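**Q** So here's structure.txt, just compact mmCIF, C-alpha atoms and all ligand atoms:
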# COMPACT_ATOMS: atom_id res chain seq x y z
CA MET A 16 190.09 88.89 223.46
CA LEU A 17 192.06 88.83 226.70
CA PRO A 18 195.67 89.93 226.04
CA LEU A 19 198.49 87.46 226.67
CA GLU A 20 201.11 89.80 228.23
CA PRO A 21 199.57 90.10 231.74
CA TYR A 22 199.81 86.31 232.14
CA TYR A 23 203.59 86.71 232.30
CA GLU A 24 203.15 88.75 235.51
CA LEU A 25 201.46 85.85 237.31
CA SER A 26 203.24 83.55 239.75
CA ASP A 27 203.43 79.80 239.03
CA ALA A 28 200.96 79.17 241.84
CA ASP A 29 198.46 81.68 240.41
CA LEU A 30 198.78 80.17 236.96
CA ASP A 31 198.17 76.68 238.36
CA ARG A 32 195.13 77.85 240.29
CA ARG A 33 193.62 79.77 237.38
CA ILE A 34 194.19 76.97 234.86
CA ALA A 35 192.47 74.53 237.24
CA ILE A 36 189.49 76.89 237.72
CA ALA A 37 189.07 77.56 233.99
CA LYS A 38 189.40 73.86 233.19
CA GLN A 39 186.75 72.97 235.74
CA ALA A 40 184.40 75.69 234.49
CA LEU A 41 184.72 74.47 230.90
CA GLY A 42 184.11 70.87 232.00
CA SER A 43 183.58 68.28 229.29
CA ALA A 44 183.22 70.97 226.61
CA CYS A 45 187.00 71.12 226.48
CA VAL A 46 189.56 68.33 226.30
CA ILE A 47 193.26 69.04 226.73
CA LEU A 48 195.63 66.75 224.81
CA GLY A 49 199.30 66.71 225.79
CA HIS A 50 202.24 65.28 223.88
CA HIS A 51 204.90 63.56 226.01
CA TYR A 52 207.45 66.32 225.22
CA GLN A 53 205.37 69.01 226.89
CA ARG A 54 206.82 70.71 229.92
CA GLU A 55 205.49 69.52 233.25
CA GLU A 56 203.57 72.71 234.09
CA VAL A 57 201.37 72.05 231.03
CA TYR A 58 201.49 68.24 230.83
CA LYS A 59 199.99 67.87 234.31
CA PHE A 60 196.75 69.53 233.09
CA ALA A 61 196.32 67.24 230.07
CA ASP A 62 193.23 65.02 230.14
CA LEU A 63 194.85 62.69 227.64
CA THR A 64 198.53 62.19 226.88
CA GLY A 65 200.33 60.16 224.25
CA ASP A 66 202.62 59.87 221.26
CA SER A 67 201.49 61.10 217.85
CA LEU A 68 199.60 57.92 216.96
CA LYS A 69 197.79 57.69 220.28
CA LEU A 70 196.87 61.37 220.22
CA SER A 71 195.56 61.06 216.63
CA ARG A 72 193.27 58.27 217.77
CA LEU A 73 192.21 60.05 220.96
CA ALA A 74 191.40 63.24 219.09
CA SER A 75 188.98 61.35 216.86
CA GLN A 76 187.33 59.61 219.81
CA ARG A 77 186.35 62.67 221.86
CA ALA A 78 183.43 63.84 219.75
CA ASP A 79 181.72 65.08 222.94
CA ALA A 80 184.29 67.85 223.47
CA ARG A 81 183.47 71.08 221.65
CA TYR A 82 187.07 72.30 222.02
CA ILE A 83 190.28 70.33 221.66
CA VAL A 84 193.17 72.26 223.20
CA PHE A 85 196.27 70.64 221.73
CA CYS A 86 199.43 71.02 223.80
CA GLY A 87 201.90 69.87 221.18
CA VAL A 88 203.04 71.22 217.82
CA HIS A 89 201.27 72.49 214.72
CA PHE A 90 201.15 69.27 212.65
CA MET A 91 199.58 67.42 215.60
CA ALA A 92 196.83 70.04 215.92
CA GLU A 93 196.23 69.79 212.16
CA VAL A 94 195.80 66.01 212.46
CA ALA A 95 193.37 66.51 215.34
CA ASP A 96 191.38 68.95 213.20
CA ILE A 97 191.35 66.61 210.18
CA LEU A 98 190.11 63.68 212.30
CA SER A 99 187.78 65.65 214.55
CA ALA A 100 183.99 65.49 214.33
CA PRO A 101 182.02 68.32 212.69
CA GLY A 102 181.46 71.13 215.17
CA GLN A 103 184.70 70.54 217.10
CA THR A 104 187.33 73.24 217.21
CA VAL A 105 191.04 72.58 217.63
CA ILE A 106 193.21 75.14 219.40
CA LEU A 107 197.01 75.37 219.54
CA PRO A 108 197.88 77.58 222.55
CA ASP A 109 200.89 79.10 220.74
CA LEU A 110 200.69 79.29 216.95
CA ALA A 111 204.50 79.47 216.72
CA ALA A 112 204.82 75.90 218.03
CA GLY A 113 205.90 74.27 214.75
CA CYS A 114 208.27 71.42 213.93
CA SER A 115 211.52 72.15 212.11
CA MET A 116 211.54 68.68 210.57
CA ALA A 117 208.01 69.12 209.20
CA ASP A 118 209.21 72.34 207.55
CA MET A 119 211.93 70.43 205.64
CA ALA A 120 209.43 69.10 203.08
CA ASP A 121 206.78 71.17 201.36
CA LEU A 122 204.23 70.48 198.67
CA PRO A 123 205.97 72.23 195.74
CA ARG A 124 209.20 70.31 196.36
CA VAL A 125 207.44 66.96 196.88
CA GLU A 126 205.42 67.52 193.70
CA SER A 127 208.61 68.40 191.88
CA ALA A 128 210.28 65.19 193.14
CA TRP A 129 207.23 63.18 192.00
CA ARG A 130 207.37 64.83 188.53
CA GLN A 131 211.11 64.22 188.19
CA LEU A 132 210.73 60.58 189.23
CA GLY A 133 207.84 60.33 186.77
CA GLU A 134 210.26 61.18 183.95
CA ILE A 135 212.39 58.13 184.62
CA LEU A 136 209.94 55.54 186.00
CA ASP A 137 206.25 54.73 186.26
CA VAL A 138 205.65 56.56 189.57
CA ASP A 139 201.94 55.82 189.85
CA GLY A 140 202.46 52.12 189.19
CA LEU A 141 205.66 51.64 191.17
CA VAL A 142 205.93 54.16 194.02
CA THR A 143 203.92 54.60 197.22
CA PRO A 144 204.43 57.99 198.89
CA ILE A 145 204.61 57.80 202.69
CA THR A 146 204.65 60.88 204.82
CA TYR A 147 205.72 60.82 208.44
CA VAL A 148 202.98 62.39 210.54
CA ASN A 149 205.48 65.19 211.29
CA SER A 150 204.53 66.99 208.09
CA MET A 151 202.18 69.64 206.82
CA ALA A 152 198.57 68.74 206.07
CA ASP A 153 198.98 69.27 202.31
CA LEU A 154 201.64 66.54 202.19
CA LYS A 155 199.20 64.14 203.85
CA ALA A 156 196.70 65.23 201.19
CA PHE A 157 199.31 64.49 198.50
CA CYS A 158 199.64 60.95 199.90
CA GLY A 159 195.86 60.58 200.05
CA ASP A 160 195.65 61.58 196.37
CA HIS A 161 198.47 59.24 195.26
CA ASN A 162 197.50 55.96 196.96
CA GLY A 163 199.90 56.79 199.75
CA VAL A 164 199.68 56.81 203.50
CA VAL A 165 200.81 58.49 206.73
CA CYS A 166 203.00 56.79 209.33
CA THR A 167 204.13 57.62 212.84
CA SER A 168 207.20 56.66 214.83
CA SER A 169 205.31 53.72 216.32
CA ASN A 170 204.07 52.11 213.11
CA ALA A 171 206.54 53.05 210.33
CA THR A 172 207.75 49.47 209.80
CA ARG A 173 204.23 48.06 209.51
CA ILE A 174 203.23 50.88 207.16
CA LEU A 175 206.28 50.21 204.97
CA GLU A 176 205.39 46.53 204.92
CA TRP A 177 201.91 47.46 203.71
CA ALA A 178 203.42 49.81 201.09
CA PHE A 179 205.64 47.02 199.72
CA SER A 180 202.59 44.78 199.44
CA GLN A 181 201.08 47.43 197.14
CA ARG A 182 204.01 48.59 195.00
CA GLU A 183 207.76 48.06 194.53
CA LYS A 184 209.10 51.35 195.81
CA VAL A 185 208.51 54.00 198.45
CA LEU A 186 209.13 57.73 198.53
CA PHE A 187 209.44 58.50 202.24
CA PHE A 188 209.40 62.06 203.65
CA PRO A 189 210.43 64.13 205.55
CA ASP A 190 212.48 62.06 208.06
CA GLN A 191 215.28 60.11 206.41
CA HIS A 192 216.28 58.42 209.68
CA LEU A 193 212.87 56.96 210.49
CA GLY A 194 212.53 55.78 206.89
CA ARG A 195 215.99 54.21 206.81
CA VAL A 196 215.83 52.34 210.11
CA SER A 197 212.26 51.12 209.50
CA ALA A 198 212.97 49.87 205.97
CA HIS A 199 216.18 48.22 207.17
CA ALA A 200 214.16 46.36 209.83
CA LEU A 201 212.17 44.85 206.95
CA GLY A 202 215.33 43.60 205.25
CA VAL A 203 215.89 46.43 202.78
CA SER A 204 219.66 46.94 202.55
CA LEU A 205 221.28 50.37 202.74
CA ASP A 206 222.34 49.90 199.08
CA GLU A 207 218.69 49.74 198.10
CA MET A 208 218.00 53.15 199.63
CA VAL A 209 218.87 56.52 198.14
CA LEU A 210 218.78 59.98 199.68
CA TRP A 211 216.75 62.64 197.85
CA ASP A 212 218.20 66.13 198.23
CA PRO A 213 215.30 68.42 197.23
CA THR A 214 217.66 71.27 196.32
CA ARG A 215 219.33 69.32 193.49
CA PRO A 216 218.08 67.98 190.14
CA LEU A 217 216.96 64.33 190.48
CA GLY A 218 217.56 64.76 194.21
CA GLY A 219 221.32 64.69 193.58
CA SER A 220 221.08 61.14 192.24
CA ASP A 221 221.02 59.60 188.75
CA PRO A 222 218.29 57.74 186.82
CA GLU A 223 219.92 54.32 187.17
CA THR A 224 220.31 54.58 190.97
CA LEU A 225 216.73 55.79 191.33
CA ARG A 226 215.39 52.97 189.13
CA ARG A 227 217.25 50.45 191.28
CA ALA A 228 216.29 51.93 194.68
CA LYS A 229 213.50 50.42 196.75
CA VAL A 230 213.31 53.36 199.13
CA ILE A 231 213.85 57.02 198.26
CA LEU A 232 214.48 58.94 201.48
CA TRP A 233 213.85 62.67 201.71
CA ASP A 234 216.82 64.53 203.14
CA GLY A 235 215.04 65.69 206.31
CA TYR A 236 215.86 65.14 209.97
CA CYS A 237 215.02 66.24 213.50
CA SER A 238 217.48 68.78 214.84
CA VAL A 239 216.90 67.50 218.38
CA HIS A 240 217.41 63.77 217.73
CA GLN A 241 220.39 64.26 215.42
CA MET A 242 222.33 65.40 218.50
CA PHE A 243 222.58 61.84 219.85
CA GLN A 244 225.79 60.27 218.55
CA PRO A 245 227.27 56.73 218.49
CA ALA A 246 230.05 58.04 220.77
CA HIS A 247 227.43 58.86 223.42
CA VAL A 248 226.14 55.28 223.36
CA GLU A 249 229.72 54.00 223.68
CA LEU A 250 230.40 56.38 226.57
CA PHE A 251 227.35 55.28 228.57
CA ARG A 252 228.05 51.60 227.91
CA ALA A 253 231.64 52.02 229.11
CA ARG A 254 230.61 53.94 232.23
CA HIS A 255 227.64 51.77 233.18
CA PRO A 256 228.07 48.11 232.20
CA GLY A 257 224.64 46.53 231.81
CA ILE A 258 222.93 49.85 230.98
CA ARG A 259 220.02 49.63 228.54
CA VAL A 260 219.90 52.20 225.78
CA ILE A 261 216.52 53.20 224.37
CA VAL A 262 216.14 55.76 221.58
CA HIS A 263 213.54 57.41 219.38
CA PRO A 264 213.73 56.30 215.71
CA GLU A 265 214.37 59.90 214.63
CA CYS A 266 217.93 59.28 215.87
CA SER A 267 220.53 58.36 213.24
CA PHE A 268 220.66 54.84 211.82
CA GLU A 269 223.94 54.12 213.66
CA VAL A 270 222.53 55.22 217.03
CA CYS A 271 219.34 53.20 216.46
CA GLN A 272 221.39 50.12 215.54
CA MET A 273 223.51 50.44 218.68
CA ALA A 274 220.52 50.85 221.01
CA ASP A 275 218.85 47.97 222.83
CA LEU A 276 215.42 49.30 222.01
CA ARG A 277 213.95 51.98 219.78
CA GLY A 278 210.44 53.30 219.57
CA SER A 279 207.97 56.11 219.91
CA THR A 280 207.70 58.35 222.95
CA GLU A 281 204.89 56.12 224.23
CA LEU A 282 207.02 52.98 223.89
CA ILE A 283 209.97 54.68 225.59
CA GLN A 284 207.83 55.66 228.58
CA LYS A 285 206.22 52.24 228.81
CA SER A 286 209.53 50.35 228.59
CA VAL A 287 211.21 52.40 231.31
CA ARG A 288 208.11 52.34 233.55
CA GLU A 289 207.74 48.57 233.25
CA SER A 290 211.41 47.82 233.97
CA PRO A 291 212.30 46.51 237.45
CA SER A 292 213.42 48.80 240.22
CA GLY A 293 217.19 49.43 240.04
CA SER A 294 217.24 49.34 236.20
CA VAL A 295 219.77 51.60 234.53
CA TRP A 296 218.75 53.38 231.31
CA ALA A 297 220.17 55.88 228.85
CA VAL A 298 217.34 57.52 226.94
CA GLY A 299 217.78 59.19 223.55
CA THR A 300 214.84 61.50 223.13
CA GLU A 301 213.66 64.96 224.13
CA LEU A 302 214.80 66.23 227.52
CA ASN A 303 211.40 67.03 229.07
CA LEU A 304 210.28 63.43 228.66
CA VAL A 305 213.53 62.08 230.11
CA ASN A 306 213.35 64.46 233.08
CA ARG A 307 209.75 63.39 233.77
CA LEU A 308 210.80 59.74 233.82
CA LYS A 309 213.69 60.53 236.17
CA HIS A 310 211.40 62.42 238.53
CA GLU A 311 208.69 59.75 238.44
CA MET A 312 211.04 56.81 239.08
CA PRO A 313 213.75 57.68 241.62
CA ASP A 314 214.25 53.92 242.16
CA LYS A 315 215.78 53.66 238.63
CA GLU A 316 218.92 55.27 237.25
CA ILE A 317 217.87 57.20 234.16
CA HIS A 318 220.40 59.11 232.06
CA PHE A 319 219.88 61.51 229.17
CA LEU A 320 221.87 60.07 226.24
CA CYS A 321 223.76 63.28 225.42
CA PRO A 322 226.26 65.42 227.33
CA THR A 323 224.66 68.63 226.03
CA ILE A 324 221.09 69.77 226.51
CA CYS A 325 218.92 69.12 223.48
CA MET A 326 215.29 69.94 223.75
CA CYS A 327 212.53 70.73 221.33
CA SER A 328 212.29 74.51 221.47
CA THR A 329 208.96 74.56 219.63
CA MET A 330 207.28 72.04 221.96
CA PHE A 331 208.61 74.23 224.78
CA ARG A 332 206.71 77.24 223.48
CA ILE A 333 203.48 75.93 225.01
CA ASP A 334 203.82 77.22 228.55
CA ALA A 335 201.44 77.66 231.49
CA GLN A 336 200.87 81.29 230.44
CA HIS A 337 199.62 80.29 226.98
CA LEU A 338 197.48 77.50 228.41
CA CYS A 339 195.90 79.77 231.02
CA TRP A 340 195.31 82.51 228.43
CA THR A 341 193.69 80.01 226.04
CA LEU A 342 191.37 78.53 228.66
CA GLU A 343 190.33 81.85 230.19
CA ASN A 344 189.58 83.23 226.73
CA LEU A 345 187.41 80.18 226.06
CA GLN A 346 185.65 80.75 229.35
CA ALA A 347 184.98 84.33 228.25
CA GLY A 348 183.56 83.07 224.94
CA GLU A 349 186.65 83.95 222.82
CA VAL A 350 188.17 81.14 220.80
CA VAL A 351 191.85 81.90 220.17
CA ASN A 352 194.46 80.23 217.93
CA VAL A 353 192.13 77.99 215.96
CA ILE A 354 193.79 75.41 213.70
CA SER A 355 191.54 74.78 210.75
CA VAL A 356 192.67 72.79 207.72
CA ALA A 357 190.90 73.84 204.49
CA SER A 358 188.34 71.21 203.48
CA GLU A 359 189.95 70.58 200.07
CA VAL A 360 193.18 69.63 201.90
CA ALA A 361 191.53 67.94 204.88
CA ALA A 362 189.51 65.47 202.77
CA PRO A 363 192.44 63.77 200.96
CA ALA A 364 194.64 64.09 204.09
CA ARG A 365 191.95 62.19 206.02
CA VAL A 366 192.11 59.44 203.39
CA ALA A 367 195.86 58.96 204.04
CA LEU A 368 195.40 59.12 207.83
CA GLU A 369 192.47 56.70 207.85
CA ARG A 370 194.43 54.35 205.62
CA MET A 371 197.13 54.33 208.31
CA LEU A 372 194.63 53.83 211.13
CA ALA A 373 193.09 50.88 209.27
CA ILE A 374 196.49 49.22 208.85
CA VAL A 375 197.68 49.51 212.46
P1 LIG B 1 206.11 60.38 218.79
O1 LIG B 1 205.09 60.05 217.77
O2 LIG B 1 206.99 59.24 219.12
O3 LIG B 1 205.46 60.96 219.99
O4 LIG B 1 207.12 61.44 218.19
C1 LIG B 1 206.77 62.70 217.79
C2 LIG B 1 207.92 63.56 217.63
O5 LIG B 1 207.82 64.65 217.13
C3 LIG B 1 209.21 63.07 218.05
O6 LIG B 1 210.17 64.01 217.84
FE1 LIG B 2 209.78 68.15 215.39
FE2 LIG B 2 212.05 67.15 216.38
FE3 LIG B 2 210.51 68.73 217.88
FE4 LIG B 2 209.73 66.24 217.28
S1 LIG B 2 211.50 66.84 218.53
S2 LIG B 2 208.45 68.09 217.19
S3 LIG B 2 210.54 66.06 215.19
S4 LIG B 2 211.61 69.32 215.98
Render the structure in this file as structure tokens.
**A**
Amino acid sequence: MLPLEPYYELSDADLDRRIAIAKQALGSACVILGHHYQREEVYKFADLTGDSLKLSRLASQRADARYIVFCGVHFMAEVADILSAPGQTVILPDLAAGCSMADMADLPRVESAWRQLGEILDVDGLVTPITYVNSMADLKAFCGDHNGVVCTSSNATRILEWAFSQREKVLFFPDQHLGRVSAHALGVSLDEMVLWDPTRPLGGSDPETLRRAKVILWDGYCSVHQMFQPAHVELFRARHPGIRVIVHPECSFEVCQMADLRGSTELIQKSVRESPSGSVWAVGTELNLVNRLKHEMPDKEIHFLCPTICMCSTMFRIDAQHLCWTLENLQAGEVVNVISVASEVAAPARVALERMLAIV
């Protein structure tokens, strides 16, 4: 295997040139997927870009590519592996590119929550588990095994609607904010939602509250999106009358309610791109995406909805050095950083993912 360290001695121009050569040599055997939060030096080499839902679909449609190089984070590469065709290999250029929100829920604690709820209500008959795609594969498998489903930031409301057509209640993990704002959009009041703190017995609640609740929200959140505050929205509105505020639904309920629009990274890009020249926007999502929009559209005034820098440090781990190293190793016949979900997990996880893809 070629070592990674020497790649840090290369200039940006050399990295660009070598990535382009390796990519061309690999041809259609390799497809590079890039999430919208990827830094520009990597994103520009992606064959296909998108939000989590779009990338899940794209990964399953490129059966011709022997290698899927996923420039994103671990859970996304796992989804690509679960949905990929037999014989395809998924690669994450840096194995340390995780998601801190995904780490906030794990199988033992979700199983414990399910058991505890089972002691006070008929969980199998009344509760649909929904996992946000930002979660480990075994939680998707849990949902597959319990008549549950996966959702993404672009379809959470429709998935919740489906869940309520099946059963009375939902256990939603790991992102409380996405669950809250999406359920509220369907008319579920805040009083009908309860937060589940996995570190406390009965999630820190009581049997009566849990029996009454329609939505049980796991106490997880994104450390990047929690930085956007209502005061920031107020500040931009005061400074720029007529500004439009668009945010990702991982932002807090208050921020989402104050925004003009909320949606996935794909929807954010599309909305800003399709707005007329001269439009003024404040965008509440990861910095790399906002900077790309600013650079691409100098005819619009695009602001980052936070006075401090907040970026996803794990997305940022995928750099040109890791991409070049990955592709040149592939060229040399070495497959590095394979993401492979065990078949006993992948099979039920695929059930929950395909259920989602059939609904939206
Ligand atoms: P999208 O599905 O909107 O791309 O979001 C993924 C994510 O991790 C946002 O923080
Ligand atoms: Fe995870 Fe937040 Fe990074 Fe998205 S922005 S990958 S939710 S840590």
**Q** Identify which of the residues A:Gly278, A:Pro222, A:Gly202, A:Pro101 lies closest to ligand LIG 1 (chain B), counting only C-alpha atoms and all ligand atoms when measuring atom-to-atom distances.
**A**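 Going through A:Gly278, A:Pro222, A:Gly202, A:Pro101 one by one, the smallest distance to ligand LIG 1 (chain B) is for A:Gly278.
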**Q** Work out where the centre of an axis-aligned box around every listed atom of segment 85-89 of chain A lies and how long its edges are once 4 Å is added on each side; give both in Å to one decimal as lines of an AutoDock Vina configuration file.
**A**
center_x = 199.7
center_y = 71.2
center_z = 219.3
size_x = 14.8
size_y = 10.6
size_z = 17.1
**Q** Residues proximal to (193.2, 81.0, 226.4) were defined as those with any atom within 12 Å of that point in the file's coordinates, counting all atoms listed in the file. Which are they, as number ranges by chain?
**A** A: 16-20, 22, 30, 33-34, 37-38, 41, 45, 47, 82, 84-85, 106-109, 333-353
**Q** Would you write out those residues with C-alpha atoms, as a PDB file, keeping the file's coordinate frame?
**A**
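Resulting contents of result_18.pdb:
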ATOM      1  CA  MET A  16     190.090  88.890 223.460  1.00  0.00           C
ATOM      2  CA  LEU A  17     192.060  88.830 226.700  1.00  0.00           C
ATOM      3  CA  PRO A  18     195.670  89.930 226.040  1.00  0.00           C
ATOM      4  CA  LEU A  19     198.490  87.460 226.670  1.00  0.00           C
ATOM      5  CA  GLU A  20     201.110  89.800 228.230  1.00  0.00           C
ATOM      6  CA  TYR A  22     199.810  86.310 232.140  1.00  0.00           C
ATOM      7  CA  LEU A  30     198.780  80.170 236.960  1.00  0.00           C
ATOM      8  CA  ARG A  33     193.620  79.770 237.380  1.00  0.00           C
ATOM      9  CA  ILE A  34     194.190  76.970 234.860  1.00  0.00           C
ATOM     10  CA  ALA A  37     189.070  77.560 233.990  1.00  0.00           C
ATOM     11  CA  LYS A  38     189.400  73.860 233.190  1.00  0.00           C
ATOM     12  CA  LEU A  41     184.720  74.470 230.900  1.00  0.00           C
ATOM     13  CA  CYS A  45     187.000  71.120 226.480  1.00  0.00           C
ATOM     14  CA  ILE A  47     193.260  69.040 226.730  1.00  0.00           C
ATOM     15  CA  TYR A  82     187.070  72.300 222.020  1.00  0.00           C
ATOM     16  CA  VAL A  84     193.170  72.260 223.200  1.00  0.00           C
ATOM     17  CA  PHE A  85     196.270  70.640 221.730  1.00  0.00           C
ATOM     18  CA  ILE A 106     193.210  75.140 219.400  1.00  0.00           C
ATOM     19  CA  LEU A 107     197.010  75.370 219.540  1.00  0.00           C
ATOM     20  CA  PRO A 108     197.880  77.580 222.550  1.00  0.00           C
ATOM     21  CA  ASP A 109     200.890  79.100 220.740  1.00  0.00           C
ATOM     22  CA  ILE A 333     203.480  75.930 225.010  1.00  0.00           C
ATOM     23  CA  ASP A 334     203.820  77.220 228.550  1.00  0.00           C
ATOM     24  CA  ALA A 335     201.440  77.660 231.490  1.00  0.00           C
ATOM     25  CA  GLN A 336     200.870  81.290 230.440  1.00  0.00           C
ATOM     26  CA  HIS A 337     199.620  80.290 226.980  1.00  0.00           C
ATOM     27  CA  LEU A 338     197.480  77.500 228.410  1.00  0.00           C
ATOM     28  CA  CYS A 339     195.900  79.770 231.020  1.00  0.00           C
ATOM     29  CA  TRP A 340     195.310  82.510 228.430  1.00  0.00           C
ATOM     30  CA  THR A 341     193.690  80.010 226.040  1.00  0.00           C
ATOM     31  CA  LEU A 342     191.370  78.530 228.660  1.00  0.00           C
ATOM     32  CA  GLU A 343     190.330  81.850 230.190  1.00  0.00           C
ATOM     33  CA  ASN A 344     189.580  83.230 226.730  1.00  0.00           C
ATOM     34  CA  LEU A 345     187.410  80.180 226.060  1.00  0.00           C
ATOM     35  CA  GLN A 346     185.650  80.750 229.350  1.00  0.00           C
ATOM     36  CA  ALA A 347     184.980  84.330 228.250  1.00  0.00           C
ATOM     37  CA  GLY A 348     183.560  83.070 224.940  1.00  0.00           C
ATOM     38  CA  GLU A 349     186.650  83.950 222.820  1.00  0.00           C
ATOM     39  CA  VAL A 350     188.170  81.140 220.800  1.00  0.00           C
ATOM     40  CA  VAL A 351     191.850  81.900 220.170  1.00  0.00           C
ATOM     41  CA  ASN A 352     194.460  80.230 217.930  1.00  0.00           C
ATOM     42  CA  VAL A 353     192.130  77.990 215.960  1.00  0.00           C
TER      43      VAL A 353
END
**Q** Counting only C-alpha atoms and all ligand atoms, which residues of chain A sit at most 8 Å from some atom of ligand LIG 2 (chain B), and what is each one's closest atom pair with its distance in Å to one decimal, listed by chain and rising residue number, as a Markdown table?
**A**
| residue | atom | partner | partner_atom | distance |
| --- | --- | --- | --- | --- |
| A:Tyr52 | CA | B:LIG2 | S1 | 7.8 |
| A:Gly87 | CA | B:LIG2 | S2 | 7.9 |
| A:Val88 | CA | B:LIG2 | S2 | 6.3 |
| A:Gly113 | CA | B:LIG2 | S2 | 7.1 |
| A:Cys114 | CA | B:LIG2 | FE1 | 3.9 |
| A:Ser115 | CA | B:LIG2 | S4 | 4.8 |
| A:Met116 | CA | B:LIG2 | FE1 | 5.2 |
| A:Ala117 | CA | B:LIG2 | FE1 | 6.5 |
| A:Asn149 | CA | B:LIG2 | S3 | 6.4 |
| A:Tyr236 | CA | B:LIG2 | S3 | 7.5 |
| A:Cys237 | CA | B:LIG2 | FE2 | 4.2 |
| A:Ser238 | CA | B:LIG2 | FE2 | 5.9 |
| A:Val239 | CA | B:LIG2 | FE2 | 5.3 |
| A:His240 | CA | B:LIG2 | FE2 | 6.5 |
| A:Glu265 | CA | B:LIG2 | S3 | 7.3 |
| A:Thr300 | CA | B:LIG2 | S1 | 7.8 |
| A:Glu301 | CA | B:LIG2 | S1 | 6.3 |
| A:Met326 | CA | B:LIG2 | S1 | 7.2 |
| A:Cys327 | CA | B:LIG2 | FE3 | 4.5 |
| A:Ser328 | CA | B:LIG2 | FE3 | 7.0 |
| A:Thr329 | CA | B:LIG2 | FE3 | 6.3 |
| A:Met330 | CA | B:LIG2 | FE3 | 6.2 |
**Q** Hey, which of A:Cys158, A:Ile145, A:Leu282, A:Val248 ends up closest to Val185 of chain A? Count all atoms listed in the file.
**A**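 Residue with the minimum atom-to-atom distance to Val185 of chain A: A:Ile145.
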**Q** Return as a PDB file with C-alpha atoms, in the frame of the given file every polymer residue, whether protein, DNA or RNA, with at least one atom no more than 6 Å from an atom of ligand LIG 1 (chain B); count only C-alpha atoms and all ligand atoms.
**A**
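Okay, this is what ended up in out.pdb:
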ATOM      1  CA  ASP A  66     202.620  59.870 221.260  1.00  0.00           C
ATOM      2  CA  SER A  67     201.490  61.100 217.850  1.00  0.00           C
ATOM      3  CA  LEU A  68     199.600  57.920 216.960  1.00  0.00           C
ATOM      4  CA  THR A 167     204.130  57.620 212.840  1.00  0.00           C
ATOM      5  CA  SER A 168     207.200  56.660 214.830  1.00  0.00           C
ATOM      6  CA  SER A 279     207.970  56.110 219.910  1.00  0.00           C
ATOM      7  CA  THR A 280     207.700  58.350 222.950  1.00  0.00           C
TER       8      THR A 280
END
**Q** How many Å separate atom CA of Ser26 of chain A from atom CA of Val105 of chain A?
**A** 27.5 Å
**Q** What's the 12 Å shell around Thr224 of chain A, counting all atoms listed in the file, without same-chain residues fewer than 3 positions away, as a ChimeraX atom specification?
**A** /A:132,135-136,206-211,217-221,227-231
**Q** Find the distance between atom CA of Leu308 of chain A and atom CA of Glu55 of chain A and write it in Å to one decimal.
**A**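 So the answer is 11.1 Å.
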**Q** To one decimal place, how far is atom CA of Phe331 of chain A from atom CA of Ser358 of chain A in Å?
**A**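 Separation between atom CA of Phe331 of chain A and atom CA of Ser358 of chain A: 29.6 Å.
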**Q** Per residue of segment 220-253 of chain A within 9 Å of segment 316-322 of chain A, note the shortest atom pair and the distance in Å to one decimal, counting only C-alpha atoms, and order the rows by chain and increasing residue number, as JSON lines.
**A**
{"residue": "A:Met242", "atom": "CA", "partner": "A:Cys321", "partner_atom": "CA", "distance": 7.4}
{"residue": "A:Phe243", "atom": "CA", "partner": "A:Cys321", "partner_atom": "CA", "distance": 5.9}
{"residue": "A:Gln244", "atom": "CA", "partner": "A:Cys321", "partner_atom": "CA", "distance": 7.8}
{"residue": "A:His247", "atom": "CA", "partner": "A:Cys321", "partner_atom": "CA", "distance": 6.1}
{"residue": "A:Val248", "atom": "CA", "partner": "A:Leu320", "partner_atom": "CA", "distance": 7.0}
{"residue": "A:Phe251", "atom": "CA", "partner": "A:Leu320", "partner_atom": "CA", "distance": 7.6}
**Q** Next, dump the selected residues to file, keeping only C-alpha atoms, as a PDB file, in the frame of the given file.
**A**
ATOM      1  CA  MET A 242     222.330  65.400 218.500  1.00  0.00           C
ATOM      2  CA  PHE A 243     222.580  61.840 219.850  1.00  0.00           C
ATOM      3  CA  GLN A 244     225.790  60.270 218.550  1.00  0.00           C
ATOM      4  CA  HIS A 247     227.430  58.860 223.420  1.00  0.00           C
ATOM      5  CA  VAL A 248     226.140  55.280 223.360  1.00  0.00           C
ATOM      6  CA  PHE A 251     227.350  55.280 228.570  1.00  0.00           C
TER       7      PHE A 251
END
**Q** For a cutoff of 12 Å around the file-coordinate point (184.9, 59.0, 216.0), which residues qualify once you count all atoms listed in the file? I'd like the result as an MDAnalysis selection string.
**A** chainID A and resid 71:80 95 97:101 103 369
**Q** From the options A:Ala156, A:Val165, A:Val57, A:Ala362, which residue's atoms come nearest to Ile374 of chain A, counting all atoms listed in the file?
**A**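 Looking at the shortest contact to Ile374 of chain A, the residue is A:Val165.
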**Q** From the set A:Pro264, A:Gly49, A:Gly65, A:Gly42, which residue has the shortest atom-to-atom contact distance to Glu281 of chain A, counting only C-alpha atoms?
**A** A:Gly65
**Q** Excluding same-chain residues fewer than 3 positions from Ser355 of chain A, what lies within 8 Å of it counting only C-alpha atoms, as a ChimeraX atom specification?
**A** /A:93,96,104-105
